[in-house]
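Asker: What follows is the file start14.txt, containing compact mmCIF, C-alpha atoms:
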```txt
# COMPACT_ATOMS: atom_id res chain seq x y z
CA MET U 1 -106.40 252.02 67.53
CA LYS U 2 -103.07 250.83 68.95
CA LYS U 3 -104.71 247.72 70.38
CA LEU U 4 -106.08 246.92 66.93
CA PHE U 5 -102.60 247.25 65.40
CA TYR U 6 -101.10 245.06 68.14
CA SER U 7 -103.75 242.39 67.56
CA LEU U 8 -103.33 242.51 63.78
CA TYR U 9 -99.57 242.12 64.07
CA ALA U 10 -99.89 239.26 66.55
CA LEU U 11 -102.38 237.49 64.28
CA PHE U 12 -100.00 237.39 61.29
CA PHE U 13 -97.02 236.57 63.51
CA ASN U 14 -98.70 233.66 65.24
CA ILE U 15 -100.05 232.28 61.95
CA SER U 16 -96.50 232.43 60.58
CA ARG U 17 -95.31 230.13 63.34
CA ILE U 18 -96.34 227.25 61.07
CA PHE U 19 -93.07 227.93 59.21
CA SER U 20 -89.82 226.61 60.67
CA VAL U 21 -87.25 228.89 62.29
CA LYS U 22 -84.36 229.88 60.01
CA GLN U 23 -81.19 229.15 61.99
CA ASN U 24 -79.23 231.95 60.28
CA ARG U 25 -81.97 234.59 60.37
CA ILE U 26 -81.49 237.57 62.68
CA ALA U 27 -84.19 240.20 63.16
CA PHE U 28 -83.40 243.71 64.38
CA VAL U 29 -86.49 245.45 65.74
CA ALA U 30 -86.55 249.25 66.20
CA PRO U 31 -89.99 250.18 67.61
CA HIS U 32 -89.07 253.88 67.77
CA ASN U 33 -86.60 253.99 64.89
CA GLY U 34 -83.13 254.75 66.22
CA GLY U 35 -80.16 256.38 64.57
CA ASN U 36 -77.22 255.00 62.64
CA GLY U 37 -75.07 254.98 65.76
CA ASP U 38 -77.45 253.35 68.21
CA SER U 39 -76.79 249.91 69.71
CA LEU U 40 -79.14 248.11 67.33
CA SER U 41 -77.62 249.48 64.13
CA THR U 42 -74.06 249.14 65.46
CA LEU U 43 -74.54 245.45 66.28
CA ARG U 44 -76.30 244.89 62.95
CA SER U 45 -73.32 246.39 61.07
CA TYR U 46 -70.94 244.17 63.05
CA ILE U 47 -72.91 241.01 62.19
CA GLU U 48 -73.30 242.04 58.54
CA LYS U 49 -69.51 242.17 58.30
CA LYS U 50 -69.35 238.65 59.72
CA GLY U 51 -71.45 237.47 56.78
CA GLY U 52 -73.53 234.35 56.38
CA TYR U 53 -76.68 235.65 58.08
CA ASP U 54 -80.12 236.48 56.73
CA ILE U 55 -80.68 239.86 58.34
CA VAL U 56 -84.13 241.44 58.67
CA THR U 57 -84.73 245.00 59.88
CA ILE U 58 -88.15 245.84 61.31
CA SER U 59 -88.59 249.56 61.91
CA ALA U 60 -91.34 251.98 62.83
CA ARG U 61 -90.30 253.85 59.69
CA ASP U 62 -92.14 251.14 57.74
CA LEU U 63 -95.41 252.55 59.11
CA LYS U 64 -94.84 256.14 58.04
CA LEU U 65 -97.20 257.11 55.22
CA ASP U 66 -95.97 259.47 52.50
CA PHE U 67 -98.65 261.93 51.39
CA SER U 68 -96.46 263.76 48.86
CA GLY U 69 -98.29 262.15 45.93
CA ILE U 70 -100.57 259.29 44.93
CA GLY U 71 -97.68 257.05 43.90
CA ALA U 72 -95.72 257.78 47.07
CA LEU U 73 -98.79 257.14 49.21
CA ALA U 74 -99.49 253.83 47.50
CA SER U 75 -95.88 252.74 47.92
CA SER U 76 -95.82 253.66 51.62
CA CYS U 77 -99.16 251.87 52.17
CA LEU U 78 -97.67 248.71 50.66
CA LYS U 79 -94.65 249.04 52.95
CA ALA U 80 -96.95 249.44 55.97
CA ALA U 81 -98.92 246.36 54.88
CA GLY U 82 -95.64 244.48 54.60
CA PHE U 83 -94.81 245.43 58.19
CA PHE U 84 -97.87 243.48 59.38
CA THR U 85 -97.42 240.53 57.00
CA LEU U 86 -94.02 239.80 55.45
CA LYS U 87 -92.05 241.41 58.29
CA ALA U 88 -94.19 239.63 60.88
CA LYS U 89 -93.42 236.33 59.17
CA ALA U 90 -89.71 237.16 59.07
CA LEU U 91 -89.74 237.90 62.79
CA ALA U 92 -91.65 234.69 63.56
CA THR U 93 -89.04 232.63 61.70
CA SER U 94 -85.95 234.35 63.16
CA LYS U 95 -83.56 232.41 65.36
CA TYR U 96 -82.19 235.58 66.94
CA VAL U 97 -84.11 238.77 67.71
CA PHE U 98 -82.59 242.03 68.95
CA LEU U 99 -84.58 245.08 70.09
CA ASN U 100 -83.67 248.59 71.22
CA ASP U 101 -86.94 249.43 73.03
CA ASN U 102 -90.25 247.99 74.15
CA PHE U 103 -92.14 246.46 71.22
CA MET U 104 -95.67 246.38 72.55
CA PRO U 105 -97.14 243.81 70.09
CA MET U 106 -94.62 241.38 71.57
CA ALA U 107 -96.92 240.85 74.55
CA SER U 108 -99.16 238.71 72.33
CA LEU U 109 -96.47 237.01 70.23
CA LYS U 110 -95.80 233.30 70.65
CA PHE U 111 -92.12 232.93 69.86
CA SER U 112 -90.63 229.57 69.01
CA PRO U 113 -88.79 227.86 71.89
CA GLU U 114 -85.75 228.06 69.58
CA ALA U 115 -85.84 231.87 69.40
CA VAL U 116 -83.32 233.90 71.38
CA VAL U 117 -84.78 237.34 72.08
CA THR U 118 -82.39 240.02 73.37
CA GLN U 119 -83.20 243.54 74.56
CA LEU U 120 -80.26 245.87 73.88
CA TRP U 121 -82.16 248.93 75.17
CA HIS U 122 -81.44 252.41 73.83
CA ALA U 123 -79.55 253.88 76.76
CA GLU U 124 -76.55 253.00 78.86
CA GLY U 125 -76.13 252.92 82.61
CA ALA U 126 -78.72 254.03 85.14
CA PHE U 127 -80.15 257.52 85.43
CA LYS U 128 -83.89 258.25 85.47
CA LYS U 129 -86.17 255.40 86.48
CA PHE U 130 -87.83 253.39 83.71
CA GLY U 131 -89.96 250.32 83.19
CA PHE U 132 -91.31 248.81 86.39
CA SER U 133 -89.15 251.19 88.44
CA ALA U 134 -91.28 254.10 87.19
CA PRO U 135 -95.02 254.74 87.61
CA LEU U 136 -97.08 252.76 85.07
CA THR U 137 -100.77 252.39 84.48
CA SER U 138 -102.09 248.91 85.21
CA GLU U 139 -102.73 248.34 81.49
CA VAL U 140 -99.21 249.33 80.42
CA ALA U 141 -97.66 247.36 83.30
CA ALA U 142 -99.56 244.23 82.29
CA ARG U 143 -98.45 244.53 78.67
CA GLU U 144 -94.81 245.28 79.57
CA LYS U 145 -94.78 242.26 81.90
CA LYS U 146 -95.87 240.00 79.04
CA CYS U 147 -93.22 241.59 76.80
CA SER U 148 -90.49 240.97 79.40
CA GLU U 149 -91.53 237.33 79.71
CA LYS U 150 -90.54 236.86 76.06
CA LEU U 151 -86.98 238.10 76.64
CA THR U 152 -84.11 235.64 76.82
CA TYR U 153 -81.49 238.26 77.67
CA ILE U 154 -81.16 241.97 78.44
CA VAL U 155 -77.82 243.64 77.76
CA CYS U 156 -76.52 246.47 79.96
CA SER U 157 -73.32 248.50 80.14
CA SER U 158 -72.15 247.71 83.67
CA LYS U 159 -72.42 245.03 86.34
CA ASN U 160 -73.36 247.81 88.76
CA VAL U 161 -76.71 248.38 87.05
CA VAL U 162 -77.70 244.71 86.76
CA PRO U 163 -80.07 244.85 89.79
CA LEU U 164 -81.65 248.05 88.49
CA TYR U 165 -82.29 246.58 85.03
CA ALA U 166 -83.72 243.42 86.58
CA GLU U 167 -86.14 245.60 88.55
CA ALA U 168 -87.01 247.78 85.54
CA PHE U 169 -87.81 244.79 83.31
CA GLY U 170 -89.28 242.64 86.04
CA VAL U 171 -86.95 239.69 85.41
CA GLU U 172 -84.37 237.63 87.31
CA GLN U 173 -80.85 239.07 87.44
CA SER U 174 -79.57 235.98 85.60
CA LYS U 175 -81.16 237.36 82.41
CA ILE U 176 -79.14 240.58 82.58
CA LEU U 177 -75.83 240.46 80.70
CA PRO U 178 -73.32 243.25 81.51
CA LEU U 179 -71.52 242.86 78.19
CA GLY U 180 -71.47 246.55 77.28
CA ALA U 181 -73.62 248.65 74.95
CA PRO U 182 -72.79 248.30 71.22
CA ARG U 183 -73.34 252.03 70.67
CA THR U 184 -70.24 252.82 72.74
CA ASP U 185 -68.17 250.84 70.22
CA SER U 186 -69.39 253.27 67.58
CA LEU U 187 -68.64 256.32 69.73
CA LEU U 188 -65.13 255.20 70.65
CA ALA U 189 -64.11 253.90 67.23
CA GLU U 190 -61.66 255.93 65.17
CA LYS U 191 -63.58 258.44 63.06
CA ASP U 192 -62.70 261.52 61.07
CA VAL U 193 -64.39 264.02 63.38
CA THR U 194 -62.94 266.91 61.37
CA ALA U 195 -64.74 265.64 58.25
CA LEU U 196 -67.97 265.24 60.23
CA ARG U 197 -67.69 268.83 61.43
CA GLU U 198 -66.95 270.13 57.93
CA GLU U 199 -70.01 268.31 56.61
CA PHE U 200 -72.10 269.84 59.39
CA ASP U 201 -70.78 273.34 58.64
CA LYS U 202 -71.78 272.99 54.97
CA LYS U 203 -75.37 272.44 56.08
CA HIS U 204 -75.18 275.08 58.79
CA PRO U 205 -72.69 277.76 57.67
CA GLU U 206 -73.83 280.03 60.50
CA CYS U 207 -72.05 277.64 62.90
CA LYS U 208 -68.68 277.64 61.13
CA GLY U 209 -65.83 278.66 63.40
CA LYS U 210 -67.93 278.37 66.55
CA LYS U 211 -68.05 275.83 69.33
CA LEU U 212 -71.20 273.70 69.32
CA VAL U 213 -73.43 273.35 72.36
CA LEU U 214 -76.08 270.63 72.06
CA TYR U 215 -79.33 270.99 73.98
CA ALA U 216 -80.92 267.53 74.20
CA PRO U 217 -83.77 267.44 76.72
CA THR U 218 -85.82 264.36 77.43
CA PHE U 219 -89.60 264.18 76.98
CA ARG U 220 -92.24 264.94 79.60
CA ASP U 221 -95.33 262.79 80.03
CA SER U 222 -97.50 265.86 79.50
CA PRO U 223 -97.92 266.94 75.82
CA GLU U 224 -98.45 270.51 77.01
CA ALA U 225 -95.16 270.46 78.92
CA ASN U 226 -93.39 269.18 75.81
CA LYS U 227 -94.81 272.02 73.72
CA LYS U 228 -93.50 274.58 76.21
CA LEU U 229 -90.17 272.88 76.80
CA LEU U 230 -88.09 275.27 74.72
CA ASP U 231 -89.78 278.34 76.20
CA ASN U 232 -87.20 278.11 78.97
CA ILE U 233 -84.36 278.99 76.58
CA ASP U 234 -83.41 282.68 76.50
CA MET U 235 -81.74 282.97 73.11
CA ALA U 236 -81.34 286.73 73.39
CA ALA U 237 -79.22 286.22 76.51
CA PHE U 238 -77.34 283.31 74.93
CA ASN U 239 -76.45 285.36 71.84
CA ARG U 240 -75.54 288.38 73.90
CA GLU U 241 -73.26 286.48 76.27
CA LEU U 242 -72.01 283.60 74.12
CA GLY U 243 -73.08 284.13 70.50
CA ASP U 244 -69.64 285.14 69.22
CA GLU U 245 -68.10 281.89 70.40
CA TYR U 246 -70.93 279.33 70.53
CA SER U 247 -73.87 278.06 68.49
CA LEU U 248 -76.79 276.38 70.26
CA LEU U 249 -78.16 273.22 68.62
CA VAL U 250 -81.46 271.62 69.66
CA LYS U 251 -82.05 267.88 69.41
CA LEU U 252 -85.48 266.92 70.74
CA HIS U 253 -86.44 263.45 71.95
CA PRO U 254 -88.41 261.42 69.36
CA GLN U 255 -91.40 261.33 71.73
CA ILE U 256 -91.66 265.13 71.84
CA ASN U 257 -94.23 266.49 69.40
CA ALA U 258 -92.76 267.56 66.07
CA GLY U 259 -92.86 271.25 65.28
CA VAL U 260 -91.53 272.45 68.64
CA THR U 261 -88.82 275.02 67.92
CA ALA U 262 -86.93 277.82 69.63
CA LYS U 263 -86.11 280.92 67.58
CA GLY U 264 -82.42 281.47 67.05
CA THR U 265 -81.37 277.89 67.73
CA VAL U 266 -80.17 275.41 65.12
CA ASP U 267 -82.80 272.65 64.94
CA VAL U 268 -81.06 269.29 64.36
CA THR U 269 -83.91 267.10 65.62
CA GLN U 270 -84.70 265.49 62.27
CA SER U 271 -81.54 266.16 60.30
CA HIS U 272 -78.62 264.77 62.34
CA ASP U 273 -77.82 261.54 64.15
CA ILE U 274 -77.25 261.89 67.90
CA GLY U 275 -74.06 259.80 67.65
CA ASP U 276 -72.46 262.17 65.14
CA LEU U 277 -73.60 265.18 67.16
CA THR U 278 -71.99 263.72 70.27
CA LEU U 279 -68.69 263.52 68.41
CA ILE U 280 -68.69 267.04 66.96
CA CYS U 281 -70.30 269.00 69.80
CA ASP U 282 -68.13 270.55 72.48
CA MET U 283 -70.68 270.53 75.28
CA LEU U 284 -74.08 269.10 76.22
CA ILE U 285 -77.00 270.81 77.92
CA THR U 286 -79.56 268.29 79.06
CA ASP U 287 -81.95 267.69 81.92
CA TYR U 288 -82.75 264.05 82.62
CA SER U 289 -81.71 262.48 79.32
CA SER U 290 -79.31 259.55 79.09
CA ALA U 291 -77.49 261.54 76.38
CA CYS U 292 -75.23 262.57 79.25
CA MET U 293 -73.84 259.01 79.32
CA ASP U 294 -72.17 259.38 75.93
CA PHE U 295 -70.73 262.83 76.68
CA ALA U 296 -69.40 261.58 80.01
CA LEU U 297 -67.84 258.57 78.28
CA LEU U 298 -65.99 260.98 75.96
CA SER U 299 -65.09 263.25 78.92
CA LYS U 300 -67.02 266.15 77.41
CA PRO U 301 -68.61 268.73 79.73
CA CYS U 302 -72.32 268.56 80.56
CA VAL U 303 -74.63 271.15 82.07
CA PHE U 304 -77.87 269.89 83.62
CA PHE U 305 -80.70 272.37 83.06
CA ALA U 306 -83.19 271.10 85.65
CA PHE U 307 -85.71 273.94 85.76
CA ASP U 308 -88.56 271.54 86.64
CA LEU U 309 -86.62 269.10 88.83
CA GLU U 310 -89.15 269.06 91.65
CA GLU U 311 -92.04 268.28 89.28
CA TYR U 312 -90.04 265.66 87.38
CA GLU U 313 -89.05 263.86 90.57
CA LYS U 314 -92.73 263.55 91.46
CA GLU U 315 -93.52 262.30 87.94
CA ARG U 316 -90.71 259.77 87.45
CA SER U 317 -87.74 260.22 89.82
CA PHE U 318 -84.20 258.82 89.60
CA TYR U 319 -82.24 255.85 90.83
CA PHE U 320 -79.89 258.12 92.76
CA ASP U 321 -79.88 261.63 94.20
CA TYR U 322 -79.91 263.80 91.10
CA GLU U 323 -77.62 266.68 92.05
CA SER U 324 -74.90 264.55 93.64
CA TYR U 325 -74.99 261.93 90.85
CA VAL U 326 -74.92 263.87 87.57
CA PRO U 327 -71.43 264.52 86.10
CA GLY U 328 -71.72 268.28 85.67
CA ALA U 329 -73.10 271.58 86.90
CA VAL U 330 -76.82 271.74 87.75
CA ALA U 331 -78.65 274.90 86.63
CA MET U 332 -82.18 275.82 87.70
CA ASP U 333 -82.63 278.73 85.29
CA PHE U 334 -81.08 279.69 81.96
CA SER U 335 -78.85 282.40 83.42
CA GLU U 336 -77.13 279.66 85.42
CA VAL U 337 -76.72 277.64 82.20
CA ILE U 338 -74.95 280.58 80.58
CA GLU U 339 -72.73 281.03 83.61
CA ALA U 340 -71.81 277.32 83.59
CA ILE U 341 -70.79 277.56 79.94
CA LYS U 342 -68.77 280.75 80.48
CA ASN U 343 -67.03 279.46 83.60
CA PRO U 344 -66.90 275.65 83.50
CA GLN U 345 -66.09 274.00 86.81
CA ALA U 346 -64.95 270.48 86.01
CA ASP U 347 -65.20 267.90 88.79
CA GLU U 348 -62.90 265.17 87.50
CA GLU U 349 -63.48 262.88 90.48
CA LYS U 350 -67.27 263.04 90.08
CA LEU U 351 -66.97 262.35 86.35
CA ARG U 352 -64.64 259.40 87.02
CA ARG U 353 -67.08 257.86 89.51
CA PHE U 354 -69.97 258.33 87.09
CA ARG U 355 -68.08 256.67 84.23
CA GLU U 356 -66.80 253.77 86.30
CA PHE U 357 -70.23 253.06 87.73
CA ASN U 358 -72.03 253.07 84.38
CA PHE U 359 -69.42 251.56 82.04
CA ASP U 360 -67.41 248.40 82.52
CA TYR U 361 -65.82 248.57 79.08
CA ALA U 362 -64.35 251.23 76.81
CA ASP U 363 -62.48 248.91 74.46
CA CYS U 364 -64.72 248.82 71.34
CA GLU U 365 -65.32 245.11 71.96
CA ASN U 366 -68.94 245.16 73.14
CA CYS U 367 -70.33 243.88 69.82
CA ARG U 368 -67.83 241.03 69.88
CA ARG U 369 -68.79 240.08 73.43
CA ILE U 370 -72.51 240.07 72.58
CA TYR U 371 -72.01 238.15 69.35
CA ASN U 372 -69.83 235.53 71.03
CA TYR U 373 -72.13 235.05 74.02
CA ILE U 374 -75.49 235.02 72.24
CA ILE U 375 -74.83 233.87 68.68
CA SER U 376 -71.53 232.02 68.37
CA ALA U 377 -71.61 230.71 71.99
CA LYS U 378 -67.82 230.98 72.21
CA PHE U 379 -67.66 233.54 75.01
```
In structure tokens, write the structure found in this file.
Answerer:
Amino acid sequence: MKKLFYSLYALFFNISRIFSVKQNRIAFVAPHNGGNGDSLSTLRSYIEKKGGYDIVTISARDLKLDFSGIGALASSCLKAAGFFTLKAKALATSKYVFLNDNFMPMASLKFSPEAVVTQLWHAEGAFKKFGFSAPLTSEVAAREKKCSEKLTYIVCSSKNVVPLYAEAFGVEQSKILPLGAPRTDSLLAEKDVTALREEFDKKHPECKGKKLVLYAPTFRDSPEANKKLLDNIDMAAFNRELGDEYSLLVKLHPQINAGVTAKGTVDVTQSHDIGDLTLICDMLITDYSSACMDFALLSKPCVFFAFDLEEYEKERSFYFDYESYVPGAVAMDFSEVIEAIKNPQADEEKLRRFREFNFDYADCENCRRIYNYIISAKF
């Protein structure tokens, strides 16, 4: 079915190439959505403020059908049809294209030689292996290779990870631009965190007056493993040891099946943006997720709950030795997670090395650098 959708999209896109490229049109493509604080939306907001551009947003949300009623279903079907027709035409006639993930139909798209296609990616730095650095089926590898061939630039957060991104995308290092991730501009900008927390507490009054611990695990390739992911949380022990002082929030990766919950936790998977959660939460529990990059950037403590580390290393692996690289305590079972929260052992030198390796900039100027280099050419 996916192949049919890819072919249908490519058909309308390539037909639309008969129209000339609009020099002021910029397309932002979010294959797997993305939140309000991700790099794609942050750069889009920056360019909108500049003014003078015809901005098009192409999102996977356009394909979501609404079955709440006949009218809603008809409306969502029209929006989905527009994704394959009007949005395909808009993309085909865009001078600049920005993405935050792999857009698989792109393998069959014939962009204009005038088009400048930039991959912003959805994570900073280097942590778990991805792209061509990770195991891929021959079919997926072939499609990703064709997608990478369409890219003009790939933006990363540090010159140190340029060789790793070149390997992951299968391109020459000259295509990798260490200009900084736009999402870090959003994280470091002045915001009323107190107001964000008050808004959160209105929705979740059970958390008021408590510190917030965010559990944000990454997905596993196995659907069965994803379904059982939260079985490793012992909420009875958490509440007994920490419940008076802390609330545990759960933010699942978009690729984890919906409906996975853990009793006693506060499920924020669908209801809260990861950027806002990063700002209001006091601590992160993760495993192999790049969410640790943002917490490290803000010098917030992280605990790495790696109960299946041996299996995960066989499945995907990391660019560096996991336990010596991560900027926080490593726990192999939930009792160790609780102990790490109760008795935090900060390693400031390790955190400093992690931040300096993965981030060249913390000046809220990443959007400006990208805009000047790619669009205004005044870098």
Asker: Here's a test: counting only C-alpha atoms, identify every protein, DNA and RNA residue with an atom at most 8 Å from (-82.6, 242.8, 70.5) in the file's coordinate frame, and state them as a compact mmCIF listing (two decimals) with C-alpha atoms, in the coordinates of the input.
Answerer:
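Saved result, part-v1.txt, follows:
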```txt
# COMPACT_ATOMS: atom_id res chain seq x y z
CA ALA U 27 -84.19 240.20 63.16
CA PHE U 28 -83.40 243.71 64.38
CA VAL U 29 -86.49 245.45 65.74
CA LEU U 40 -79.14 248.11 67.33
CA VAL U 97 -84.11 238.77 67.71
CA PHE U 98 -82.59 242.03 68.95
CA LEU U 99 -84.58 245.08 70.09
CA ASN U 100 -83.67 248.59 71.22
CA VAL U 117 -84.78 237.34 72.08
CA THR U 118 -82.39 240.02 73.37
CA GLN U 119 -83.20 243.54 74.56
CA LEU U 120 -80.26 245.87 73.88
CA TRP U 121 -82.16 248.93 75.17
```
Asker: Counting all atoms listed in the file, which of U:Phe19, U:Tyr153, U:Phe359, U:Tyr6 gets nearest to Met293 in chain U?
Answerer: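 Going through U:Phe19, U:Tyr153, U:Phe359, U:Tyr6 one by one, the smallest distance to Met293 in chain U is for U:Phe359.
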Asker: Restricting the calculation to all atoms listed in the file, which member of U:Thr85, U:Ser376, U:Ser289, U:Ser39 is positioned closest to Ser157 in chain U?
Answerer: U:Ser39
Asker: Between U:Gly52, U:Pro31, U:Gly82, U:Gly71, which residue has the minimum interatomic distance to Phe103 in chain U, considering all atoms listed in the file?
Answerer: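 Of U:Gly52, U:Pro31, U:Gly82, U:Gly71, the one nearest Phe103 in chain U, counting all atoms listed in the file, is U:Pro31.
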Asker: Using all atoms listed in the file, pick whichever of U:Lys145, U:Arg61, U:Arg17, U:Lys175 has the shortest atom-to-atom distance to Leu109 in chain U.
Answerer: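 Checking each candidate against Leu109 in chain U, we get U:Arg17 as the closest.
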Asker: Choose the residue, out of U:Asp282, U:Glu339, U:Asp294, U:Glu313, that has the smallest atom-to-atom separation from Leu242 in chain U; count all atoms listed in the file.
Answerer: U:Glu339
Asker: Which is closer to Leu11 in chain U than all the others in U:Phe84, U:Phe295, U:Tyr246, U:Phe130, using only C-alpha atoms?
Answerer: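 Nearest candidate to Leu11 in chain U out of U:Phe84, U:Phe295, U:Tyr246, U:Phe130: U:Phe84.
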Asker: Give me the residues within 10 Å of Phe334 in chain U as JSON, numbers by chain, counting all atoms listed in the file and dropping any in the same chain fewer than 2 places off.
Answerer: {"U": [232, 233, 234, 235, 237, 238, 305, 306, 307, 331, 332, 336, 337, 338, 339, 340]}
Asker: Show me the residues around (-74.6, 273.2, 65.6) - criterion: an atom at most 7 Å away, all atoms listed in the file counted - as a count of residues only.
Answerer: 7
Asker: Record the distance separating CA of Ala141 in chain U and CA of Glu172 in chain U, expressed in Å with one decimal.
Answerer: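 Interatomic distance here is 17.0 Å.
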Asker: Find the distance between CA of Met106 in chain U and CA of Ala142 in chain U and write it in Å to one decimal.
Answerer: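 Distance reported for this atom pair: 12.1 Å.
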Asker: What's the separation between CA of Val162 in chain U and CA of Asp287 in chain U, in Å to one decimal place?
Answerer: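 These atoms are spaced 23.9 Å apart.
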Asker: Adding 4 Å on each side of the box along x, y and z that holds all listed atoms of range 166-174 of chain U, could you give its centre and edge lengths in Å to one decimal, as lines of an AutoDock Vina configuration file?
Answerer:
```
center_x = -84.4
center_y = 241.9
center_z = 85.9
size_x = 17.7
size_y = 19.8
size_z = 13.2
```
Asker: Which residues, written as a tab-separated table (two decimals) with C-alpha atoms, in the coordinates of the input, have at least one atom at most 8 Å from range 182-187 of chain U, with only C-alpha atoms counted and residues fewer than 3 positions away on the same chain left out?
Answerer:
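So part_15.tsv came out as:
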```
chain	number	residue	atom	x	y	z
U	37	GLY	CA	-75.07	254.98	65.76
U	38	ASP	CA	-77.45	253.35	68.21
U	39	SER	CA	-76.79	249.91	69.71
U	40	LEU	CA	-79.14	248.11	67.33
U	42	THR	CA	-74.06	249.14	65.46
U	43	LEU	CA	-74.54	245.45	66.28
U	275	GLY	CA	-74.06	259.80	67.65
U	279	LEU	CA	-68.69	263.52	68.41
U	294	ASP	CA	-72.17	259.38	75.93
U	362	ALA	CA	-64.35	251.23	76.81
U	363	ASP	CA	-62.48	248.91	74.46
U	364	CYS	CA	-64.72	248.82	71.34
U	365	GLU	CA	-65.32	245.11	71.96
U	366	ASN	CA	-68.94	245.16	73.14
U	367	CYS	CA	-70.33	243.88	69.82
```
Asker: Would you mind listing what lies within 8 Å of Ala88 in chain U as a ChimeraX atom specification, with only C-alpha atoms counted and same-chain residues fewer than 5 positions away left out?
Answerer: /U:9,12-13,16,83
